[in-house]
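Text of input_22.txt (compact mmCIF, C-alpha atoms) as supplied:
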```txt
# COMPACT_ATOMS: atom_id res chain seq x y z
CA MET A 1 44.86 0.13 69.28
CA ARG A 2 47.04 3.19 69.38
CA LEU A 3 49.73 3.62 71.98
CA ALA A 4 50.05 7.02 73.59
CA ASP A 5 53.78 7.27 73.19
CA GLU A 6 56.10 8.67 70.58
CA ARG A 7 55.38 5.84 68.14
CA ALA A 8 51.55 6.07 68.15
CA ARG A 9 51.25 3.53 65.35
CA PRO A 10 47.89 1.81 64.91
CA VAL A 11 47.74 -1.85 65.84
CA LYS A 12 44.91 -4.02 64.50
CA THR A 13 42.76 -5.35 67.35
CA GLN A 14 39.87 -7.74 67.73
CA PHE A 15 36.99 -7.70 70.23
CA GLY A 16 33.88 -9.84 69.99
CA GLY A 17 34.73 -10.79 66.42
CA LEU A 18 35.01 -7.14 65.33
CA TYR A 19 38.20 -5.47 64.21
CA GLY A 20 38.99 -1.86 64.93
CA HIS A 21 41.34 0.61 66.51
CA SER A 22 41.38 1.91 70.06
CA TRP A 23 43.66 3.98 72.28
CA ILE A 24 45.41 3.07 75.50
CA LYS A 25 47.47 5.36 77.67
CA ALA A 26 50.99 4.27 78.48
CA ARG A 27 53.35 5.99 80.89
CA PRO A 28 56.50 7.42 79.37
CA GLY A 29 59.03 4.65 79.06
CA THR A 30 56.45 1.88 78.78
CA SER A 31 57.44 -0.47 76.03
CA ILE A 32 55.03 -1.28 73.26
CA ALA A 33 55.00 -4.92 74.39
CA GLN A 34 54.03 -3.89 77.95
CA ALA A 35 51.30 -1.56 76.67
CA ILE A 36 49.87 -4.29 74.44
CA GLN A 37 49.86 -6.70 77.38
CA ILE A 38 47.96 -4.11 79.49
CA TRP A 39 45.46 -3.65 76.66
CA HIS A 40 44.93 -7.38 76.12
CA THR A 41 44.39 -7.98 79.86
CA TYR A 42 41.84 -5.16 80.05
CA HIS A 43 39.93 -6.22 76.95
CA ALA A 44 40.03 -9.92 77.85
CA ASP A 45 38.24 -9.01 81.10
CA GLU A 46 35.78 -6.82 79.16
CA GLU A 47 35.04 -9.59 76.67
CA ARG A 48 34.60 -12.19 79.42
CA HIS A 49 32.06 -9.94 81.20
CA TRP A 50 30.30 -9.17 77.91
CA ARG A 51 30.01 -12.86 76.98
CA ALA A 52 28.75 -13.80 80.48
CA ARG A 53 26.07 -11.10 80.30
CA GLU A 54 24.99 -12.03 76.77
CA MET A 55 24.53 -15.73 77.59
CA THR A 56 21.78 -15.04 80.13
CA GLN A 57 18.10 -15.18 79.18
CA GLU A 58 18.05 -11.37 79.17
CA GLY A 59 21.08 -11.25 76.90
CA ILE A 60 19.59 -13.72 74.46
CA LYS A 61 16.31 -11.78 74.38
CA ARG A 62 18.31 -8.58 73.72
CA GLN A 63 20.18 -10.27 70.86
CA VAL A 64 16.96 -11.59 69.30
CA LYS A 65 15.34 -8.15 69.56
CA ASP A 66 18.40 -6.56 67.92
CA ILE A 67 18.29 -9.09 65.05
CA GLU A 68 14.57 -8.47 64.56
CA ARG A 69 15.26 -4.70 64.48
CA LYS A 70 17.95 -5.17 61.83
CA VAL A 71 15.70 -7.38 59.70
CA ALA A 72 12.95 -4.74 59.91
CA ILE A 73 15.41 -2.07 58.76
CA VAL A 74 16.45 -4.14 55.75
CA ARG A 75 12.82 -4.81 54.82
CA ASP A 76 11.95 -1.13 55.19
CA TYR A 77 14.81 -0.05 52.93
CA GLU A 78 13.70 -2.53 50.25
CA ASN A 79 10.48 -0.54 49.83
CA PRO A 80 10.11 3.01 48.56
CA LEU A 81 9.72 5.68 51.21
CA THR A 82 6.04 6.32 52.02
CA PRO A 83 5.52 9.88 53.21
CA PRO A 84 2.99 10.81 55.90
CA THR A 85 0.26 13.39 55.29
CA LEU A 86 2.28 16.47 54.37
CA LYS A 87 1.67 20.18 54.81
CA ASP A 88 4.69 21.07 52.69
CA PRO A 89 5.51 18.40 50.08
CA ASP A 90 8.34 20.49 48.59
CA ARG A 91 10.13 20.70 51.93
CA TRP A 92 9.62 16.96 52.43
CA GLU A 93 11.22 16.24 49.05
CA MET A 94 14.07 18.59 49.92
CA ALA A 95 14.63 16.73 53.23
CA VAL A 96 14.48 13.35 51.48
CA THR A 97 16.98 14.51 48.86
CA SER A 98 19.43 16.12 51.29
CA PHE A 99 19.32 13.28 53.82
CA SER A 100 19.52 10.57 51.14
CA ASN A 101 22.86 11.92 49.93
CA ASP A 102 24.45 10.59 53.11
CA VAL A 103 23.83 6.95 54.05
CA SER A 104 24.33 7.65 57.76
CA ARG A 105 21.63 10.37 57.66
CA GLU A 106 19.07 8.63 55.46
CA GLY A 107 17.64 6.84 58.48
CA TYR A 108 16.34 10.13 59.90
CA VAL A 109 13.84 10.55 57.06
CA ARG A 110 12.84 6.89 57.29
CA VAL A 111 12.22 7.21 61.05
CA ALA A 112 10.30 10.46 60.49
CA SER A 113 8.07 8.79 57.91
CA ARG A 114 7.39 5.68 60.02
CA TRP A 115 6.79 7.74 63.17
CA ALA A 116 4.39 10.18 61.53
CA ARG A 117 2.42 7.38 59.88
CA ALA A 118 2.20 5.49 63.20
CA ILE A 119 0.92 8.62 64.96
CA GLU A 120 -1.61 9.18 62.18
CA GLU A 121 -2.97 5.64 62.69
CA GLU A 122 -3.32 6.28 66.43
CA LEU A 123 -5.02 9.64 65.83
CA GLN A 124 -7.54 7.92 63.55
CA ALA A 125 -8.24 5.46 66.38
CA GLY A 126 -9.18 8.39 68.63
CA ARG A 127 -6.01 8.82 70.71
CA THR A 128 -4.15 12.10 71.08
CA LEU A 129 -0.67 12.86 69.83
CA GLU A 130 0.47 13.49 73.40
CA GLU A 131 -0.65 9.99 74.43
CA VAL A 132 1.11 8.13 71.64
CA ALA A 133 4.12 10.21 70.58
CA LEU A 134 6.71 8.54 72.78
CA SER A 135 5.61 4.93 72.35
CA THR A 136 5.22 5.28 68.59
CA PHE A 137 8.67 6.86 68.34
CA GLU A 138 10.24 3.94 70.18
CA ASN A 139 8.57 1.50 67.77
CA ALA A 140 9.38 3.52 64.63
CA ASN A 141 12.96 4.31 65.57
CA LEU A 142 14.55 1.15 64.17
CA GLU A 143 17.73 3.00 63.24
CA GLN A 144 18.03 4.44 66.78
CA ARG A 145 18.16 8.08 65.67
CA ASP A 146 17.83 11.05 68.00
CA MET A 147 14.40 12.55 68.44
CA ASP A 148 15.55 16.19 67.98
CA THR A 149 16.39 15.80 64.29
CA VAL A 150 13.31 13.74 63.51
CA VAL A 151 11.03 16.31 65.20
CA GLY A 152 12.83 19.02 63.20
CA ILE A 153 12.03 17.28 59.92
CA LEU A 154 8.39 16.64 60.83
CA SER A 155 7.73 20.07 62.32
CA GLN A 156 8.49 21.64 58.95
CA THR A 157 6.78 19.12 56.67
CA TRP A 158 4.03 17.14 58.40
CA VAL A 159 0.42 18.32 58.95
CA HIS A 160 0.69 17.58 62.70
CA GLY A 161 4.28 18.85 62.90
CA ASP A 162 3.47 21.97 64.92
CA THR A 163 1.60 19.92 67.54
CA LEU A 164 4.47 17.44 67.67
CA LYS A 165 6.99 20.23 68.11
CA LYS A 166 4.90 21.78 70.90
CA TRP A 167 4.64 18.40 72.65
CA PHE A 168 8.37 17.80 72.24
CA ARG A 169 9.43 21.22 73.50
CA GLY A 170 6.91 21.26 76.34
CA SER A 171 7.95 17.97 77.85
CA LYS A 172 11.43 17.49 76.40
CA GLU A 173 13.11 17.02 79.75
CA GLU A 174 10.58 14.43 80.96
CA ASN A 175 10.48 12.58 77.65
CA ALA A 176 14.27 12.45 77.35
CA ARG A 177 14.52 11.00 80.83
CA ARG A 178 11.81 8.38 80.16
CA TRP A 179 13.11 7.54 76.67
CA LYS A 180 16.67 6.85 77.85
CA SER A 181 15.58 4.55 80.68
```

Written form, structure tokens:
Amino acid sequence: MRLADERARPVKTQFGGLYGHSWIKARPGTSIAQAIQIWHTYHADEERHWRAREMTQEGIKRQVKDIERKVAIVRDYENPLTPPTLKDPDRWEMAVTSFSNDVSREGYVRVASRWARAIEEELQAGRTLEEVALSTFENANLEQRDMDTVVGILSQTWVHGDTLKKWFRGSKEENARRWKS
């Protein structure tokens, strides 16, 4: 926690078993002890609401789904990256190399690979890209990456990238609304 006064020194905090730093606003003249008391009262209420929500059947299902997602990520990273059918293998390798240099960005290439391969399977089964793009993205997006970047990677490297980009641009507003709900 950081106090918004002249001292602004970080204070180690805990919420839900996680440690971190946060900010609270204190009026001029508020003592550090008063500000910490305000923060603890606020976050105690937040934690109580969070715990009550997570102990419902819905909360437990959400936790199980999140654990399954994390296990799937770990399993996926244990295996070498399997590329989809490429139109530009050099660009794919360039994307893999540039995104792999940053751990936080590596997931984009993984999601792109899983998504493209899932769409390819659906196309072989006789469905159209437009029919399956959104649902396959939701299933392939274990790392919860944004669709814009993944479409950007695939539009430049994948054999169906142009069709995907056209679908994405043509119905971006509708898909974004449906995807977030």

Discussion item. Let me make sure I understand: among A:Ile73, A:Ile38, A:Val103, A:Val109, which one has the smallest atom-to-atom distance to A:Asp146 if we use only C-alpha atoms?
Written reply: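 Between A:Ile73, A:Ile38, A:Val103, A:Val109, the residue approaching A:Asp146 most closely is A:Val109.
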
Worksheet item: Hey, which of A:Gly152, A:Gly107, A:Pro80, A:Pro89 ends up closest to A:Lys165? Count all atoms listed in the file.
Response: A:Gly152

Fill in: Coordinates-based distance that separates atom CA of A:Ile119 from atom CA of A:Thr163 (Å, one decimal)
11.6 Å

Worksheet item: Which distance in Å separates atom CA of A:Val74 and atom CA of A:Glu54, to one decimal?
Response: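 We find that atom CA of A:Val74 and atom CA of A:Glu54 lie 24.0 Å from each other.
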
Worksheet item: A:Lys70, A:His40, A:Thr136, A:Glu130: which is nearest A:Arg169, counting all atoms listed in the file?
Response: A:Glu130

Residue neighbourhood stretch 83-87 of chain A, 10 Å, only C-alpha atoms, exclusion window fewer than 2 positions, as a PDB file with C-alpha atoms, keeping the file's coordinate frame:
```
ATOM      1  CA  PRO A  80      10.110   3.010  48.560  1.00  0.00           C
ATOM      2  CA  LEU A  81       9.720   5.680  51.210  1.00  0.00           C
ATOM      3  CA  PRO A  89       5.510  18.400  50.080  1.00  0.00           C
ATOM      4  CA  ASP A  90       8.340  20.490  48.590  1.00  0.00           C
ATOM      5  CA  ARG A  91      10.130  20.700  51.930  1.00  0.00           C
ATOM      6  CA  TRP A  92       9.620  16.960  52.430  1.00  0.00           C
ATOM      7  CA  GLU A  93      11.220  16.240  49.050  1.00  0.00           C
ATOM      8  CA  VAL A  96      14.480  13.350  51.480  1.00  0.00           C
ATOM      9  CA  VAL A 109      13.840  10.550  57.060  1.00  0.00           C
ATOM     10  CA  ARG A 110      12.840   6.890  57.290  1.00  0.00           C
ATOM     11  CA  ALA A 112      10.300  10.460  60.490  1.00  0.00           C
ATOM     12  CA  SER A 113       8.070   8.790  57.910  1.00  0.00           C
ATOM     13  CA  ARG A 114       7.390   5.680  60.020  1.00  0.00           C
ATOM     14  CA  TRP A 115       6.790   7.740  63.170  1.00  0.00           C
ATOM     15  CA  ALA A 116       4.390  10.180  61.530  1.00  0.00           C
ATOM     16  CA  ARG A 117       2.420   7.380  59.880  1.00  0.00           C
ATOM     17  CA  ALA A 118       2.200   5.490  63.200  1.00  0.00           C
ATOM     18  CA  ILE A 119       0.920   8.620  64.960  1.00  0.00           C
ATOM     19  CA  GLU A 120      -1.610   9.180  62.180  1.00  0.00           C
ATOM     20  CA  LEU A 154       8.390  16.640  60.830  1.00  0.00           C
ATOM     21  CA  SER A 155       7.730  20.070  62.320  1.00  0.00           C
ATOM     22  CA  GLN A 156       8.490  21.640  58.950  1.00  0.00           C
ATOM     23  CA  THR A 157       6.780  19.120  56.670  1.00  0.00           C
ATOM     24  CA  TRP A 158       4.030  17.140  58.400  1.00  0.00           C
ATOM     25  CA  VAL A 159       0.420  18.320  58.950  1.00  0.00           C
ATOM     26  CA  HIS A 160       0.690  17.580  62.700  1.00  0.00           C
ATOM     27  CA  GLY A 161       4.280  18.850  62.900  1.00  0.00           C
TER      28      GLY A 161
END
```
